[in-house]
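Text of the file final_20.cif, holding mmCIF, C-alpha atoms and all ligand atoms:
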```cif
data_start
#
loop_
_atom_site.group_PDB
_atom_site.id
_atom_site.type_symbol
_atom_site.label_atom_id
_atom_site.label_comp_id
_atom_site.auth_asym_id
_atom_site.auth_seq_id
_atom_site.Cartn_x
_atom_site.Cartn_y
_atom_site.Cartn_z
ATOM 1 C CA MET A 1 18.784 3.925 71.249
ATOM 2 C CA GLU A 2 21.398 6.619 70.737
ATOM 3 C CA GLN A 3 24.971 5.415 70.518
ATOM 4 C CA ASN A 4 27.805 7.100 72.352
ATOM 5 C CA LYS A 5 29.626 9.047 69.639
ATOM 6 C CA ARG A 6 32.755 9.709 71.663
ATOM 7 C CA PRO A 7 35.946 8.154 70.265
ATOM 8 C CA ARG A 8 36.858 4.749 71.665
ATOM 9 C CA ILE A 9 40.323 5.922 72.740
ATOM 10 C CA LEU A 10 38.714 8.627 74.869
ATOM 11 C CA LEU A 11 36.334 6.155 76.527
ATOM 12 C CA GLU A 12 39.199 3.726 77.184
ATOM 13 C CA THR A 13 41.383 6.455 78.660
ATOM 14 C CA ILE A 14 38.611 7.609 80.995
ATOM 15 C CA ASP A 15 37.862 4.016 81.985
ATOM 16 C CA ASN A 16 41.521 3.186 82.626
ATOM 17 C CA LEU A 17 41.939 6.264 84.821
ATOM 18 C CA ALA A 18 38.712 5.703 86.740
ATOM 19 C CA ARG A 19 39.593 2.090 87.531
ATOM 20 C CA LYS A 20 42.726 3.052 89.444
ATOM 21 C CA PRO A 21 42.321 3.242 93.208
ATOM 22 C CA GLY A 22 42.085 6.510 95.053
ATOM 23 C CA LEU A 23 40.553 9.934 94.591
ATOM 24 C CA ARG A 24 43.422 11.136 92.351
ATOM 25 C CA SER A 25 42.400 8.762 89.598
ATOM 26 C CA LYS A 26 38.763 9.859 89.807
ATOM 27 C CA ILE A 27 39.736 13.523 89.443
ATOM 28 C CA ASP A 28 41.956 12.626 86.500
ATOM 29 C CA ALA A 29 39.128 10.666 84.893
ATOM 30 C CA LYS A 30 36.688 13.555 85.330
ATOM 31 C CA CYS A 31 39.128 16.081 83.863
ATOM 32 C CA CYS A 32 39.876 13.720 81.003
ATOM 33 C CA GLU A 33 36.153 13.314 80.341
ATOM 34 C CA CYS A 34 35.771 17.088 80.459
ATOM 35 C CA ILE A 35 38.547 18.305 78.205
ATOM 36 C CA TYR A 36 40.501 15.536 76.492
ATOM 37 C CA ASP A 37 40.216 15.422 72.709
ATOM 38 C CA PRO A 38 42.307 12.597 71.229
ATOM 39 C CA TYR A 39 42.249 14.347 67.850
ATOM 40 C CA GLN A 40 43.992 17.403 69.256
ATOM 41 C CA GLU A 41 47.687 17.753 70.002
ATOM 42 C CA GLY A 42 48.993 16.532 73.339
ATOM 43 C CA THR A 43 48.262 13.783 75.797
ATOM 44 C CA TRP A 44 45.265 13.888 78.120
ATOM 45 C CA ARG A 45 47.567 15.141 80.891
ATOM 46 C CA ILE A 46 48.907 18.019 78.785
ATOM 47 C CA GLN A 47 45.397 19.014 77.719
ATOM 48 C CA VAL A 48 44.162 18.911 81.319
ATOM 49 C CA ASP A 49 47.182 20.893 82.472
ATOM 50 C CA ASN A 50 46.313 23.521 79.846
ATOM 51 C CA CYS A 51 42.766 23.904 81.189
ATOM 52 C CA THR A 52 41.888 27.553 81.808
ATOM 53 C CA SER A 53 38.598 27.113 83.680
ATOM 54 C CA MET A 54 39.776 28.715 86.892
ATOM 55 C CA THR A 55 36.263 28.717 88.352
ATOM 56 C CA CYS A 56 36.047 24.914 88.166
ATOM 57 C CA PRO A 57 36.213 23.341 91.649
ATOM 58 C CA LEU A 58 38.756 20.827 90.359
ATOM 59 C CA PHE A 59 41.042 23.415 88.766
ATOM 60 C CA SER A 60 43.664 23.468 91.524
ATOM 61 C CA LYS A 61 43.630 19.668 91.778
ATOM 62 C CA ARG A 62 43.797 18.878 88.048
ATOM 63 C CA ALA A 63 46.668 16.794 86.714
ATOM 64 C CA LYS A 64 49.852 18.667 85.944
ATOM 65 C CA THR A 65 52.621 17.739 83.561
ATOM 66 C CA PHE A 66 55.884 16.688 85.121
ATOM 67 C CA LYS A 67 57.572 19.770 83.641
ATOM 68 C CA LYS A 68 55.150 22.133 85.388
ATOM 69 C CA LYS A 69 55.542 20.191 88.625
ATOM 70 C CA GLY A 70 59.215 21.124 88.460
ATOM 71 C CA VAL A 71 60.561 17.602 87.895
ATOM 72 C CA ASN A 72 62.307 18.518 84.644
ATOM 73 C CA SER A 73 63.318 22.052 85.560
HETATM 74 S S1 LIG B 101 39.741 21.442 86.021
HETATM 75 FE FE1 LIG B 101 39.377 21.879 83.868
HETATM 76 S S2 LIG B 101 39.529 19.900 82.856
HETATM 77 FE FE2 LIG B 101 39.228 19.487 85.039
HETATM 78 S S3 LIG B 101 36.996 19.252 85.269
HETATM 79 FE FE3 LIG B 101 37.507 21.390 85.676
HETATM 80 S S4 LIG B 101 37.191 22.444 83.717
HETATM 81 FE FE4 LIG B 101 37.373 20.233 83.299
#
```

Could you express the structure from this file as structure tokens?
Ligand code: SF4
Amino acid sequence: MEQNKRPRILLETIDNLARKPGLRSKIDAKCCECIYDPYQEGTWRIQVDNCTSMTCPLFSKRAKTFKKKGVNS
């Protein structure tokens, strides 16, 4: 049986996001599963915000950083 080679922190982050109620959390979990690399710089939210796959159906609904939402500007 092949073991899942993905880092534990990634699996825990996806699981924590997916457990939250509502569709928002499921989109966040999917984007996290898609792009998040815990060995790269930035949180899962920053890495998802930096996604450039404009043809992805979730692109316009992906998580944004608070700065890009205009909270800190
Ligand atoms: S929007 Fe980007 S990070 Fe989210 S699922 Fe699509 S390609 Fe992956």

request  = Considering only C-alpha atoms, return as a VMD selection string whatever protein or nucleic-acid residues lie within 9 Å of stretch 15-27 of chain A, sequence-local ones (same chain, fewer than 6 positions apart) excluded.
outcome  = chain A and resid 58 61 to 63

For ligand LIG 101 (chain B), return the neighbouring residues as a short mmCIF file (atom, residue, chain, number, x, y, z; two decimals) with C-alpha atoms, in the coordinates of the input (distance at most 10 Å; all atoms listed in the file).
```
data_model
loop_
_atom_site.label_atom_id
_atom_site.label_comp_id
_atom_site.auth_asym_id
_atom_site.auth_seq_id
_atom_site.Cartn_x
_atom_site.Cartn_y
_atom_site.Cartn_z
CA ILE A 27 39.74 13.52 89.44
CA ASP A 28 41.96 12.63 86.50
CA ALA A 29 39.13 10.67 84.89
CA LYS A 30 36.69 13.56 85.33
CA CYS A 31 39.13 16.08 83.86
CA CYS A 32 39.88 13.72 81.00
CA GLU A 33 36.15 13.31 80.34
CA CYS A 34 35.77 17.09 80.46
CA ILE A 35 38.55 18.30 78.20
CA TYR A 36 40.50 15.54 76.49
CA TRP A 44 45.26 13.89 78.12
CA ARG A 45 47.57 15.14 80.89
CA GLN A 47 45.40 19.01 77.72
CA VAL A 48 44.16 18.91 81.32
CA ASP A 49 47.18 20.89 82.47
CA ASN A 50 46.31 23.52 79.85
CA CYS A 51 42.77 23.90 81.19
CA THR A 52 41.89 27.55 81.81
CA SER A 53 38.60 27.11 83.68
CA MET A 54 39.78 28.72 86.89
CA THR A 55 36.26 28.72 88.35
CA CYS A 56 36.05 24.91 88.17
CA PRO A 57 36.21 23.34 91.65
CA LEU A 58 38.76 20.83 90.36
CA PHE A 59 41.04 23.42 88.77
CA SER A 60 43.66 23.47 91.52
CA LYS A 61 43.63 19.67 91.78
CA ARG A 62 43.80 18.88 88.05
CA ALA A 63 46.67 16.79 86.71
#
```

Show me, as JSON, the centre and edge lengths in Å to one decimal of the axis-aligned box that covers every listed atom of stretch 34-41 of chain A with 8 Å on each side.
```
{"center_x": 41.7, "center_y": 15.5, "center_z": 74.2, "size_x": 27.9, "size_y": 21.7, "size_z": 28.6}
```

ask   = Please, what distance in Å, to one decimal, runs between atom CA of A:Gly42 and atom CA of A:Lys5?
value =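 One can read the atom CA of A:Gly42 to atom CA of A:Lys5 distance as 21.1 Å.
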
request  = In Å, rounded to a single decimal, give me how far atom CA of A:Arg6 is from atom CA of A:Lys67.
outcome  =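 Pair atom CA of A:Lys67 / atom CA of A:Arg6 returns 29.3 Å.
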
key: Spatial neighbours of A:Leu10, max dist 8 Å, all atoms listed in the file, sep filter under 2 positions, as a ChimeraX atom specification   = /A:6-8,12-14,33,36-38
